[in-house]
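Structure file data30.tsv; described as TSV, C-alpha atoms.
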chain	number	residue	atom	x	y	z
V	1	ASN	CA	-39.66	-6.39	-20.99
V	2	TRP	CA	-38.74	-5.82	-24.68
V	3	HIS	CA	-41.03	-8.73	-25.65
V	4	ASP	CA	-44.10	-7.49	-23.72
V	5	PRO	CA	-46.49	-5.37	-25.84
V	6	LEU	CA	-47.49	-3.46	-22.69
V	7	THR	CA	-43.99	-1.98	-22.54
V	8	TRP	CA	-44.54	0.02	-25.73
V	9	ASP	CA	-46.90	2.84	-26.78
V	10	CYS	CA	-47.87	0.87	-29.86
V	11	ALA	CA	-48.97	-2.09	-27.72
V	12	CYS	CA	-46.78	-4.25	-29.94
V	13	VAL	CA	-43.40	-5.98	-29.83
V	14	PRO	CA	-40.74	-4.09	-31.84
V	15	GLY	CA	-39.60	-5.76	-35.02
V	16	GLY	CA	-39.16	-5.25	-38.73
V	17	ASP	CA	-39.13	-1.54	-39.55
V	18	THR	CA	-40.56	-0.42	-36.20
V	19	SER	CA	-38.75	2.57	-34.70
V	20	VAL	CA	-37.98	2.36	-30.99
V	21	VAL	CA	-37.30	5.13	-28.47
V	22	ILE	CA	-36.18	3.96	-25.02
V	23	GLY	CA	-36.36	6.40	-22.10
V	24	HIS	CA	-36.35	3.96	-19.17
V	25	ALA	CA	-34.95	0.54	-18.28
V	26	VAL	CA	-35.86	-2.20	-20.77
V	27	ASN	CA	-34.70	-5.82	-20.65
V	28	ILE	CA	-34.42	-8.00	-23.74
V	29	VAL	CA	-34.88	-11.59	-22.56
V	30	GLN	CA	-34.03	-13.45	-25.78
V	31	PRO	CA	-32.16	-12.53	-28.98
V	32	ASP	CA	-34.15	-10.33	-31.34
V	33	THR	CA	-33.78	-8.36	-34.57
V	34	LEU	CA	-34.79	-4.80	-35.36
V	35	GLY	CA	-34.81	-4.25	-39.12
V	36	LEU	CA	-34.61	-0.79	-40.66
V	37	GLY	CA	-36.42	1.01	-37.85
V	38	ASP	CA	-34.63	3.58	-35.68
V	39	LEU	CA	-33.21	2.60	-32.30
V	40	ILE	CA	-32.87	5.62	-30.00
V	41	LEU	CA	-31.84	5.48	-26.35
V	42	VAL	CA	-32.39	8.87	-24.74
V	43	LEU	CA	-30.68	10.11	-21.60
V	44	ASN	CA	-31.41	7.67	-18.70
V	45	GLY	CA	-32.71	5.08	-21.14
V	46	SER	CA	-31.15	1.63	-20.96
V	47	LEU	CA	-31.37	-1.70	-22.76
V	48	ASP	CA	-29.84	-4.78	-21.18
V	49	GLY	CA	-30.13	-8.54	-21.39
V	50	SER	CA	-29.62	-10.89	-24.32
V	51	ALA	CA	-28.74	-9.92	-27.92
V	52	LEU	CA	-29.97	-7.49	-30.53
V	53	SER	CA	-29.22	-7.24	-34.25
V	54	HIS	CA	-30.02	-3.82	-35.69
V	55	GLY	CA	-30.12	-2.44	-39.24
V	56	GLY	CA	-31.59	1.06	-38.91
V	57	ALA	CA	-30.48	4.43	-37.59
V	58	PHE	CA	-28.92	4.20	-34.14
V	59	TYR	CA	-28.51	6.97	-31.56
V	60	ASN	CA	-27.45	6.12	-28.03
V	61	ASN	CA	-27.45	8.76	-25.30
V	62	GLY	CA	-28.12	6.19	-22.58
V	63	PHE	CA	-26.84	2.73	-21.73
V	64	LEU	CA	-26.69	-0.29	-24.02
V	65	LEU	CA	-25.75	-3.31	-21.91
V	66	VAL	CA	-26.77	-6.39	-23.91
V	67	ASP	CA	-24.64	-9.53	-24.25
V	68	ARG	CA	-24.27	-9.14	-28.03
V	69	PHE	CA	-24.99	-6.14	-30.23
V	70	GLU	CA	-24.78	-6.23	-34.01
V	71	LEU	CA	-24.83	-3.10	-36.15
V	72	ARG	CA	-25.64	-4.52	-39.56
V	73	THR	CA	-24.85	-3.07	-42.94
V	74	THR	CA	-27.82	-1.35	-44.58
V	75	PRO	CA	-28.95	-0.71	-48.18
V	76	PHE	CA	-29.10	3.00	-47.29
V	77	GLN	CA	-26.59	5.28	-45.57
V	78	VAL	CA	-28.12	5.76	-42.11
V	79	ASP	CA	-26.52	7.28	-39.03
V	80	ALA	CA	-25.14	5.25	-36.16
V	81	VAL	CA	-23.72	7.27	-33.26
V	82	ASN	CA	-22.90	6.43	-29.67
V	83	PHE	CA	-22.96	9.42	-27.31
V	84	GLY	CA	-23.51	7.36	-24.18
V	85	SER	CA	-22.25	4.01	-22.95
V	86	ILE	CA	-22.11	0.66	-24.73
V	87	GLU	CA	-20.95	-2.26	-22.60
V	88	VAL	CA	-21.35	-5.63	-24.29
V	89	GLN	CA	-19.71	-9.02	-24.39
V	90	ARG	CA	-19.58	-8.98	-28.19
V	91	PHE	CA	-19.89	-6.05	-30.58
V	92	GLU	CA	-20.27	-6.94	-34.26
V	93	GLN	CA	-19.67	-3.72	-36.21
V	94	SER	CA	-20.63	-3.88	-39.90
V	95	ARG	CA	-22.03	-0.36	-40.26
V	96	GLU	CA	-19.94	1.91	-42.49
V	97	GLY	CA	-19.48	5.27	-40.76
V	98	PHE	CA	-20.43	4.32	-37.21
V	99	VAL	CA	-19.12	6.98	-34.80
V	100	ASN	CA	-18.25	6.56	-31.13
V	101	LEU	CA	-18.33	9.75	-29.09
V	102	GLY	CA	-18.85	8.01	-25.77
V	103	PHE	CA	-17.73	4.94	-23.87
V	104	LEU	CA	-17.52	1.60	-25.69
V	105	VAL	CA	-16.47	-1.55	-23.83
V	106	ALA	CA	-16.56	-5.04	-25.36
V	107	ASP	CA	-14.97	-8.36	-24.51
V	108	THR	CA	-14.83	-9.03	-28.26
V	109	LEU	CA	-14.94	-6.55	-31.15
V	110	ASP	CA	-15.60	-7.87	-34.67
V	111	SER	CA	-14.93	-4.92	-36.97
V	112	TYR	CA	-16.08	-5.47	-40.54
V	113	ALA	CA	-16.54	-1.87	-41.74
V	114	LEU	CA	-14.71	1.45	-41.41
V	115	TRP	CA	-15.72	3.48	-38.35
V	116	GLU	CA	-14.44	6.23	-36.08
V	117	ASN	CA	-13.57	6.57	-32.42
V	118	GLU	CA	-13.68	10.36	-32.04
V	119	MET	CA	-11.63	12.62	-29.72
V	120	GLU	CA	-14.26	12.23	-26.99
V	121	GLY	CA	-14.47	8.48	-27.52
V	122	ARG	CA	-12.96	5.71	-25.44
V	123	LEU	CA	-12.70	2.13	-26.67
V	124	GLU	CA	-11.78	-0.74	-24.35
V	125	VAL	CA	-11.65	-4.33	-25.61
V	126	ASP	CA	-9.93	-7.64	-24.88
V	127	LEU	CA	-10.07	-9.08	-28.41
V	128	ALA	CA	-10.38	-7.12	-31.66
V	129	THR	CA	-10.52	-8.72	-35.11
V	130	GLY	CA	-11.60	-7.85	-38.62
V	131	PRO	CA	-10.70	-5.84	-41.75
V	132	GLY	CA	-12.87	-2.84	-40.88
V	133	ALA	CA	-10.43	-0.14	-39.79
V	134	VAL	CA	-10.99	1.67	-36.51
V	135	ILE	CA	-10.06	5.32	-37.14
V	136	ASN	CA	-8.91	6.43	-33.72
V	137	HIS	CA	-8.89	10.11	-32.72
V	138	GLY	CA	-9.51	9.32	-29.05
V	139	ILE	CA	-8.35	6.55	-26.70
V	140	ILE	CA	-7.98	2.84	-27.36
V	141	GLU	CA	-6.81	0.54	-24.59
V	142	GLY	CA	-7.12	-3.07	-23.58
V	143	THR	CA	-5.49	-6.38	-22.79
V	144	GLY	CA	-5.31	-9.48	-24.94
V	145	LEU	CA	-5.12	-9.64	-28.73
V	146	TRP	CA	-5.65	-6.78	-31.16
V	147	ALA	CA	-5.91	-8.08	-34.73
V	148	ALA	CA	-8.25	-5.51	-36.30
V	149	ALA	CA	-7.24	-2.91	-38.87
V	150	PHE	CA	-6.58	0.56	-37.44
V	151	VAL	CA	-5.74	4.12	-38.38
V	152	ASN	CA	-4.40	5.78	-35.24
V	153	ASP	CA	-3.61	9.48	-34.84
V	154	SER	CA	-4.13	9.63	-31.08
V	155	ASN	CA	-3.36	7.29	-28.15
V	156	PHE	CA	-3.42	3.50	-28.33
V	157	THR	CA	-2.29	1.59	-25.22
V	158	TRP	CA	-2.26	-2.20	-25.26
V	159	ILE	CA	-1.10	-5.03	-22.97
V	160	GLY	CA	-0.81	-8.29	-24.89
V	161	THR	CA	-0.21	-8.73	-28.62
V	162	ILE	CA	-0.89	-6.46	-31.57
V	163	HIS	CA	-1.09	-8.64	-34.67
V	164	VAL	CA	-1.33	-6.50	-37.81
V	165	GLN	CA	-3.29	-8.78	-40.15
V	166	HIS	CA	-4.78	-5.94	-42.23
V	167	SER	CA	-3.12	-2.82	-43.61
V	168	SER	CA	-2.92	-0.21	-40.83
V	169	ILE	CA	-1.53	3.26	-40.12
V	170	ASN	CA	-0.06	4.84	-36.99
V	171	ASP	CA	0.48	8.60	-36.96
V	172	GLY	CA	-0.11	8.91	-33.21
V	173	ASN	CA	1.22	7.17	-30.09
V	174	ILE	CA	1.16	3.42	-29.49
V	175	ALA	CA	2.41	1.98	-26.20
V	176	LEU	CA	2.52	-1.81	-26.28
V	177	ILE	CA	3.53	-4.09	-23.44
V	178	GLY	CA	3.81	-7.32	-25.35
V	179	ASP	CA	4.73	-8.43	-28.87
V	180	LEU	CA	4.09	-6.75	-32.20
V	181	VAL	CA	3.62	-9.04	-35.21
V	182	LEU	CA	3.32	-7.54	-38.69
V	183	ALA	CA	1.71	-10.01	-41.07
V	184	SER	CA	0.47	-7.22	-43.33
V	185	GLY	CA	1.47	-3.61	-43.99
V	186	LEU	CA	1.99	-0.89	-41.38
V	187	GLU	CA	2.63	2.76	-42.22
V	188	GLN	CA	4.41	4.24	-39.21
V	189	GLY	CA	4.68	8.01	-38.95
V	190	GLY	CA	4.25	8.46	-35.21
V	191	LEU	CA	5.71	7.06	-32.01
V	192	MET	CA	5.59	3.37	-31.13
V	193	LEU	CA	6.94	1.98	-27.87
V	194	VAL	CA	7.10	-1.82	-27.77
V	195	GLU	CA	8.11	-3.57	-24.56
V	196	GLY	CA	8.44	-6.95	-26.23
V	197	ASN	CA	9.54	-8.46	-29.54
V	198	VAL	CA	8.76	-7.14	-33.02
V	199	THR	CA	8.38	-9.71	-35.80
V	200	ILE	CA	7.96	-8.43	-39.36
V	201	GLN	CA	6.52	-10.79	-41.94
V	202	GLY	CA	4.85	-8.10	-44.06
V	203	ASP	CA	5.81	-4.49	-44.81
V	204	LEU	CA	6.88	-1.78	-42.38
V	205	ASP	CA	7.10	1.72	-43.87
V	206	LEU	CA	8.39	4.57	-41.71
V	207	ASP	CA	6.89	7.40	-43.71
V	208	ALA	CA	8.22	10.43	-41.79
V	209	ASP	CA	11.66	11.44	-40.57
V	210	THR	CA	10.12	11.94	-37.11
V	211	ALA	CA	8.81	8.36	-36.96
V	212	LEU	CA	10.23	6.38	-34.05
V	213	ILE	CA	9.90	2.75	-33.01
V	214	SER	CA	11.52	1.84	-29.69
V	215	VAL	CA	11.80	-1.93	-29.23
V	216	GLN	CA	12.58	-3.20	-25.74
V	217	GLY	CA	13.11	-6.72	-27.05
V	218	ASP	CA	14.18	-8.46	-30.27
V	219	LEU	CA	13.65	-7.22	-33.82
V	220	ILE	CA	13.07	-10.09	-36.27
V	221	ASN	CA	12.54	-9.20	-39.92
V	222	TYR	CA	11.43	-11.64	-42.61
V	223	GLY	CA	9.62	-9.00	-44.65
V	224	THR	CA	10.47	-5.50	-45.86
V	225	VAL	CA	11.40	-2.44	-43.80
V	226	GLY	CA	11.84	0.92	-45.48
V	227	GLY	CA	11.33	4.66	-45.38
V	228	GLU	CA	12.90	7.11	-42.96
V	229	GLY	CA	12.82	7.72	-39.21
V	230	VAL	CA	14.43	5.69	-36.42
V	231	ILE	CA	14.16	2.14	-35.06
V	232	CYS	CA	15.89	1.58	-31.68
V	233	VAL	CA	16.36	-2.04	-30.55
V	234	SER	CA	17.51	-3.02	-27.06
V	235	ASP	CA	18.09	-6.75	-27.57
V	236	SER	CA	18.88	-8.93	-30.61
V	237	THR	CA	18.44	-8.00	-34.26
V	238	PHE	CA	17.81	-10.54	-37.04
V	239	ASN	CA	17.27	-9.66	-40.69
V	240	GLY	CA	16.19	-12.32	-43.15
V	241	GLY	CA	14.31	-9.89	-45.38
V	242	ALA	CA	15.03	-6.50	-46.93
V	243	ILE	CA	15.83	-3.20	-45.20
V	244	SER	CA	16.06	-0.07	-47.32
V	245	GLY	CA	15.46	3.67	-47.42
V	246	THR	CA	17.18	6.32	-45.32
V	247	LEU	CA	16.04	5.06	-41.94
V	248	ASP	CA	18.32	4.83	-38.91
V	249	LEU	CA	18.41	1.30	-37.48
V	250	CYS	CA	20.15	1.21	-34.11
V	251	ASP	CA	20.88	-2.03	-32.25
V	252	ILE	CA	22.11	-0.54	-28.99
V	253	THR	CA	23.49	-3.86	-27.73
V	254	ARG	CA	24.91	-4.94	-31.07
V	255	THR	CA	27.55	-7.65	-31.39
V	256	ALA	CA	28.47	-6.99	-35.02
V	257	LEU	CA	31.61	-4.91	-35.50
V	258	ALA	CA	30.93	-3.78	-39.07
V	259	PRO	CA	27.94	-2.50	-41.06
V	260	PRO	CA	25.08	-3.31	-41.07
V	261	PHE	CA	25.68	-3.80	-37.32
V	262	LEU	CA	22.96	-6.47	-36.97
V	263	ASP	CA	23.46	-9.56	-34.82
V	264	VAL	CA	22.34	-11.84	-37.67
V	265	ASN	CA	21.91	-10.68	-41.26
V	266	THR	CA	20.98	-13.16	-43.98
V	267	GLY	CA	18.95	-10.64	-45.96
V	268	THR	CA	19.72	-7.34	-47.68
V	269	VAL	CA	20.39	-3.89	-46.23
V	270	GLY	CA	20.45	-0.85	-48.51
V	271	ASP	CA	23.47	1.43	-48.75
V	272	SER	CA	21.47	4.47	-47.59
V	273	VAL	CA	20.47	2.89	-44.25
V	274	VAL	CA	22.39	4.44	-41.33
V	275	PHE	CA	23.13	3.04	-37.88
V	276	CYS	CA	22.77	4.88	-34.55
V	277	ASN	CA	23.18	8.37	-36.00
V	278	ASN	CA	20.20	9.92	-34.22
V	279	GLY	CA	19.19	11.70	-31.04
V	280	PHE	CA	16.93	8.98	-29.69
V	281	CYS	CA	19.23	6.06	-28.89
V	282	GLU	CA	22.92	5.24	-28.62
V	283	VAL	CA	24.92	2.02	-28.59
V	284	ASP	CA	25.00	0.40	-25.14
V	285	ALA	CA	22.84	3.17	-23.66
V	286	ILE	CA	20.41	0.98	-21.75
V	287	PHE	CA	21.26	0.44	-18.11
V	288	GLU	CA	22.21	-3.13	-17.27
V	289	HIS	CA	20.36	-4.14	-14.12
V	290	SER	CA	20.84	-7.91	-14.11
V	291	ALA	CA	22.96	-7.73	-10.93
V	292	VAL	CA	20.40	-5.80	-8.84
V	293	PRO	CA	16.86	-6.67	-7.77
V	294	VAL	CA	14.02	-5.87	-10.16
V	295	LEU	CA	11.26	-3.94	-8.38
V	296	ASP	CA	7.57	-3.82	-9.29
V	297	ALA	CA	6.25	-0.53	-10.65
V	298	TRP	CA	2.66	0.33	-11.53
V	299	PRO	CA	0.76	1.55	-13.42
V	300	THR	CA	2.64	1.19	-16.65
V	301	PRO	CA	2.21	2.87	-19.03
V	302	ALA	CA	2.02	5.85	-16.68
V	303	SER	CA	1.47	9.58	-17.14
V	304	ASP	CA	1.66	11.16	-13.68
V	305	GLN	CA	2.82	8.85	-10.86
V	306	VAL	CA	4.03	5.30	-10.31
V	307	GLN	CA	4.30	3.18	-7.19
V	308	ILE	CA	7.55	1.23	-6.68
V	309	ALA	CA	7.63	-1.66	-4.21
V	310	PRO	CA	8.68	-3.47	-2.12
V	311	LEU	CA	11.34	-1.52	-0.22
V	312	PRO	CA	12.52	-1.69	3.40
V	313	ARG	CA	10.69	0.72	5.70
V	314	GLY	CA	12.41	3.88	6.86
V	315	GLY	CA	15.56	5.44	5.48
V	316	ILE	CA	16.22	8.02	2.80
V	317	TRP	CA	15.56	7.16	-0.82
V	318	SER	CA	16.24	8.74	-4.20
V	319	VAL	CA	15.06	7.78	-7.67
V	320	ASP	CA	16.57	8.58	-11.07
V	321	ALA	CA	15.06	7.78	-14.45
V	322	VAL	CA	17.40	6.53	-17.18
V	323	ASP	CA	16.09	6.92	-20.73
V	324	THR	CA	17.10	4.90	-23.80
V	325	ARG	CA	19.97	7.31	-24.50
V	326	GLY	CA	21.46	6.78	-21.04
V	327	ALA	CA	20.51	10.23	-19.72
V	328	HIS	CA	19.81	10.38	-15.95
V	329	LEU	CA	16.81	12.43	-14.84
V	330	PRO	CA	16.19	12.91	-11.06
V	331	LEU	CA	12.61	12.37	-9.89
V	332	VAL	CA	10.64	13.32	-6.77
V	333	ALA	CA	9.79	10.31	-4.58
V	334	ASP	CA	7.72	10.08	-1.38
V	335	ARG	CA	7.23	7.16	0.99
V	336	SER	CA	3.95	5.31	0.39
V	337	GLY	CA	3.06	2.01	2.06
V	338	ASP	CA	5.80	-0.57	1.49
V	339	GLY	CA	7.38	1.44	-1.30
V	340	LEU	CA	7.68	4.84	-2.97
V	341	ARG	CA	5.30	7.05	-4.89
V	342	VAL	CA	7.33	8.59	-7.73
V	343	GLY	CA	6.29	11.51	-9.90
V	344	VAL	CA	6.92	10.93	-13.61
V	345	GLY	CA	4.92	13.87	-14.95
V	346	SER	CA	8.11	15.59	-16.12
V	347	LEU	CA	9.19	12.68	-18.34
V	348	PRO	CA	8.46	12.67	-22.09
V	349	THR	CA	6.85	9.64	-23.71
V	350	GLY	CA	9.29	6.72	-23.70
V	351	PHE	CA	10.73	3.74	-21.83
V	352	TYR	CA	12.69	4.27	-18.62
V	353	SER	CA	14.69	2.37	-16.02
V	354	LEU	CA	14.02	3.79	-12.54
V	355	LEU	CA	17.10	3.46	-10.33
V	356	VAL	CA	16.33	3.38	-6.61
V	357	ARG	CA	19.18	4.32	-4.21
V	358	ASP	CA	19.36	4.49	-0.43
V	359	GLY	CA	20.82	7.27	1.71
V	360	THR	CA	24.38	6.08	1.02
V	361	LYS	CA	23.68	6.29	-2.76
V	362	ALA	CA	23.96	2.50	-3.01
V	363	LEU	CA	21.80	1.04	-5.79
V	364	ILE	CA	18.98	-0.98	-4.18
V	365	GLY	CA	16.88	-1.94	-7.19
V	366	VAL	CA	15.58	-1.04	-10.61
V	367	ALA	CA	12.08	-0.84	-12.10
V	368	ARG	CA	11.07	-0.60	-15.75
V	369	ILE	CA	8.20	1.65	-16.89
V	370	ALA	CA	6.71	3.22	-19.99
V	371	VAL	CA	5.44	6.80	-19.99
V	372	VAL	CA	2.78	7.94	-22.43
V	373	ARG	CA	1.64	11.52	-23.00
I'd like the structure from this file rewritten - as C-alpha cells, please.
Amino acid sequence: NWHDPLTWDCACVPGGDTSVVIGHAVNIVQPDTLGLGDLILVLNGSLDGSALSHGGAFYNNGFLLVDRFELRTTPFQVDAVNFGSIEVQRFEQSREGFVNLGFLVADTLDSYALWENEMEGRLEVDLATGPGAVINHGIIEGTGLWAAAFVNDSNFTWIGTIHVQHSSINDGNIALIGDLVLASGLEQGGLMLVEGNVTIQGDLDLDADTALISVQGDLINYGTVGGEGVICVSDSTFNGGAISGTLDLCDITRTALAPPFLDVNTGTVGDSVVFCNNGFCEVDAIFEHSAVPVLDAWPTPASDQVQIAPLPRGGIWSVDAVDTRGAHLPLVADRSGDGLRVGVGSLPTGFYSLLVRDGTKALIGVARIAVVR
C-alpha cells in the first residue's frame, strides 16, 4: 500500500521531495502527488491503482499501471524515461524531453510538451490531444481521434480520424483508415495512405519530390496546397482554396476535360501544377468493383498475410492484387477456414484491390486492403 508507512524503508508515506524506488508490487489507493523526488521502478517493480502526479526524475524499468499518470513540468531539467511498460487510462505529459523506449498504452494522451517515442518505443492510444509534439522514431498506432502535434519519421498507423490542429511533420509512413482533417499546417515529405476523405482548411506543404499522398476518398481543399511531390485521389476533387508549386495532382476518376482537371474548382491553381504525370497513379486506374461482392479482409493495414472471407468451400481459387496504377500482381493463396489466407509480403506499401477468381477465372469478389512496410 503506497499510503502505508510500513511499505517503505523510511517508515513514512512518500510525498514532497521524497525519492521512491519500487522493486515489488505497490498499490496506490487514492490520488497522490510526488513533488521533486525521484520515482524509480526497477525490473519487476510495479505501481497500480489510482492516480499519481509526479514532478521529479522518472525512470521506469517495471510496470506503471495507474488510472492517471501526470508528468509535470519542472523548474529544473530532469530526466524522464520509460524503459518498461506504462498502461494507464489517462497520461498527462507536460515534461519537456520525456523519452519512451518501451511500451506506452493510454486511453487518453494529453501532450503538452515536446517528447520522443524512440525506435524501440511503441505508443498505443485511443485519443491524443495537445500542442506538445510527439517525435516518433518508433511505432504509433491506435483507433479513435488523433489531434496532437506530431513529427513522424517512422510508422504511424491509425483507424479513425487524424485532425491536425497543431503544426506537424510527416517524413515517414502514415497509414490512415478514416478521414484526415488539416486545420493547421502539415509538412509532408514521406508517404501517406488515406482510406477516407482529406479536408484541408490550413496549409499542406509537400516538401520533397518523393512525397506521396494517396487518397482513397474525396479531396476537399479550402486552404493552401503547395510544394512538390504527388497527390493521387480516387474519388471527387474540390478546390475552394489555392493550389501551387510544382506538385502533381491526379484525380484518377476526374470528370473535368480540361486543366486543372478537378471536379469542382472555385479557387486558384498555379500554372506550374501538373496533372497525372507521375509513376504512382494514372487516370481511371482503380478497379471498379461495384458489380461484384465486396469481401472482408483482415488485418488491414497488413504486412505479411491477410484473411479473405467468406468464400464457398472447395474449388480452386486465385488472387491478384491491383495497385493504384492498375498493375496486376499475382499472390499466393491457401484455403483457411471459410476463406483464403493470402500472402502480401511481396507488395510494397500502398492500397490494393484483391481480386478473387474461381477455377474458371470468373471474378467472385473483391477486397480492399492497405499494406504498410
With only C-alpha atoms counted and 8 Å as the cut-off, give the residues of stretch 133-220 of chain V in contact with stretch 104-115 of chain V, each with its shortest interatomic distance in Å and the pair that gives it, as a Markdown table.
| residue | atom | partner | partner_atom | distance |
| --- | --- | --- | --- | --- |
| V:Ala133 | CA | V:Leu114 | CA | 4.8 |
| V:Val134 | CA | V:Trp115 | CA | 5.4 |
| V:Ile135 | CA | V:Trp115 | CA | 6.1 |
| V:Ala148 | CA | V:Ser111 | CA | 6.7 |
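Nearest residue to V:Pro14 among V:Thr33, V:Asn152, V:Ser346, V:Gln201 is V:Thr33, counting only C-alpha atoms.
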Select, from V:Leu329, V:Leu36, V:Ile316, V:Val344, the residue with the minimum atom-to-atom distance to V:Gly359, counting only C-alpha atoms. V:Ile316
One residue among V:Val322, V:Leu52, V:Ile213, V:Ala175 is nearest to V:Gln188 when using all atoms listed in the file, and that residue is V:Ile213
Atom CA of V:Asn27 to atom CA of V:His3, straight-line distance in Å: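 Interatomic distance here is 8.6 Å.
The two atoms in question, atom CA of V:Leu247 and atom CA of V:Gly229, are spaced 5.0 Å apart.
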Any idea what the distance is between atom CA of V:Leu249 and atom CA of V:Val371? 22.5 Å
For the point (20.1, -4.7, -32.0) in file coordinates, what residues are within 9 Å, counting all atoms listed in the file? Give the answer as an mmCIF file with C-alpha atoms, in the frame of the given file?
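Ended up saving to point.cif:
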data_model
loop_
_atom_site.group_PDB
_atom_site.id
_atom_site.type_symbol
_atom_site.label_atom_id
_atom_site.label_comp_id
_atom_site.auth_asym_id
_atom_site.auth_seq_id
_atom_site.Cartn_x
_atom_site.Cartn_y
_atom_site.Cartn_z
ATOM 1 C CA GLY V 217 13.110 -6.720 -27.050
ATOM 2 C CA ASP V 218 14.180 -8.460 -30.270
ATOM 3 C CA LEU V 219 13.650 -7.220 -33.820
ATOM 4 C CA CYS V 232 15.890 1.580 -31.680
ATOM 5 C CA VAL V 233 16.360 -2.040 -30.550
ATOM 6 C CA SER V 234 17.510 -3.020 -27.060
ATOM 7 C CA ASP V 235 18.090 -6.750 -27.570
ATOM 8 C CA SER V 236 18.880 -8.930 -30.610
ATOM 9 C CA THR V 237 18.440 -8.000 -34.260
ATOM 10 C CA PHE V 238 17.810 -10.540 -37.040
ATOM 11 C CA LEU V 249 18.410 1.300 -37.480
ATOM 12 C CA CYS V 250 20.150 1.210 -34.110
ATOM 13 C CA ASP V 251 20.880 -2.030 -32.250
ATOM 14 C CA ILE V 252 22.110 -0.540 -28.990
ATOM 15 C CA THR V 253 23.490 -3.860 -27.730
ATOM 16 C CA ARG V 254 24.910 -4.940 -31.070
ATOM 17 C CA THR V 255 27.550 -7.650 -31.390
ATOM 18 C CA PHE V 261 25.680 -3.800 -37.320
ATOM 19 C CA LEU V 262 22.960 -6.470 -36.970
ATOM 20 C CA ASP V 263 23.460 -9.560 -34.820
ATOM 21 C CA VAL V 283 24.920 2.020 -28.590
#
Using only C-alpha atoms, which protein or nucleic acid residues come within 9 Å of V:Pro31? Drop anything in the same chain fewer than 4 positions from it, and give the result as an mmCIF file with C-alpha atoms, in the frame of the given file.
data_model
loop_
_atom_site.group_PDB
_atom_site.id
_atom_site.type_symbol
_atom_site.label_atom_id
_atom_site.label_comp_id
_atom_site.auth_asym_id
_atom_site.auth_seq_id
_atom_site.Cartn_x
_atom_site.Cartn_y
_atom_site.Cartn_z
ATOM 1 C CA GLY V 49 -30.130 -8.540 -21.390
ATOM 2 C CA SER V 50 -29.620 -10.890 -24.320
ATOM 3 C CA ALA V 51 -28.740 -9.920 -27.920
ATOM 4 C CA LEU V 52 -29.970 -7.490 -30.530
ATOM 5 C CA SER V 53 -29.220 -7.240 -34.250
ATOM 6 C CA ARG V 68 -24.270 -9.140 -28.030
#
Return as AutoDock Vina command-line options the box centre and box size in Å, one decimal, for an axis-aligned box around all listed atoms of stretch 318-322 of chain V padded by 8 Å per side.
--center_x 16.2 --center_y 7.6 --center_z -10.7 --size_x 18.3 --size_y 18.2 --size_z 29.0
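Summary of the local environment: counting all atoms listed in the file, residues at most 9 Å from V:Ser19, other than itself and those fewer than 2 positions away along its chain, are Pro14, Gly15, Gly16, Asp17, Val21, Leu34, Leu36, Gly37, Asp38, Leu39, Ile40, Gly56 and Ala57 of chain V.
The residue that comes closest to V:Val26, out of V:Leu176, V:Leu6, V:Val225, V:Val198 and on the basis of only C-alpha atoms, is V:Leu6.
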Please write as a ChimeraX atom specification the list of polymer residues whose atoms come within 9 Å of (17.2, 7.6, -14.6), counting only C-alpha atoms and keeping to the coordinates of the file. /V:287,319-323,326-331,352-355
Using C-alpha atoms, can you export the residues from the last selection as a PDB file, in the coordinates of the input?
ATOM      1  CA  PHE V 287      21.260   0.440 -18.110  1.00  0.00           C
ATOM      2  CA  VAL V 319      15.060   7.780  -7.670  1.00  0.00           C
ATOM      3  CA  ASP V 320      16.570   8.580 -11.070  1.00  0.00           C
ATOM      4  CA  ALA V 321      15.060   7.780 -14.450  1.00  0.00           C
ATOM      5  CA  VAL V 322      17.400   6.530 -17.180  1.00  0.00           C
ATOM      6  CA  ASP V 323      16.090   6.920 -20.730  1.00  0.00           C
ATOM      7  CA  GLY V 326      21.460   6.780 -21.040  1.00  0.00           C
ATOM      8  CA  ALA V 327      20.510  10.230 -19.720  1.00  0.00           C
ATOM      9  CA  HIS V 328      19.810  10.380 -15.950  1.00  0.00           C
ATOM     10  CA  LEU V 329      16.810  12.430 -14.840  1.00  0.00           C
ATOM     11  CA  PRO V 330      16.190  12.910 -11.060  1.00  0.00           C
ATOM     12  CA  LEU V 331      12.610  12.370  -9.890  1.00  0.00           C
ATOM     13  CA  TYR V 352      12.690   4.270 -18.620  1.00  0.00           C
ATOM     14  CA  SER V 353      14.690   2.370 -16.020  1.00  0.00           C
ATOM     15  CA  LEU V 354      14.020   3.790 -12.540  1.00  0.00           C
ATOM     16  CA  LEU V 355      17.100   3.460 -10.330  1.00  0.00           C
TER      17      LEU V 355
END
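Every protein or nucleic acid residue with an atom no more than 7 Å from V:Asn136, counting all atoms listed in the file and leaving out same-chain residues fewer than 5 positions away, appears here: Glu116, Asn117, Glu118, Val151, Asn152, Asp153 and Ser154 of chain V.
Comparing V:Gly350, V:Gly142, V:Gly202, V:Gly55 by their smallest distance to V:Asn221, the closest is V:Gly202 (using only C-alpha atoms).
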Would you kindly return, as a PyMOL selection string, each protein, DNA or RNA residue with an atom no farther than 12 Å from any atom of V:Gln77, considering only C-alpha atoms and excluding same-chain residues fewer than 2 positions away? chain V and resi 36+55-58+72-75+79-80+95-98
Nearest to V:Ala128, chosen from V:Thr268, V:Thr143, V:Asn173, V:Ser244, with only C-alpha atoms counted in the distances: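 Of all the options, V:Thr143 lies closest to V:Ala128.
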Using only C-alpha atoms, which protein or nucleic acid residues come within 9 Å of V:Asp205? Drop anything in the same chain fewer than 4 positions from it, and give the result as a list of chain:residue names.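 Neighbouring residues, sequence-local ones excluded: V:Gly185, V:Leu186, V:Glu187, V:Gln188, V:Gly189, V:Thr224, V:Val225, V:Gly226, V:Gly227, V:Glu228.
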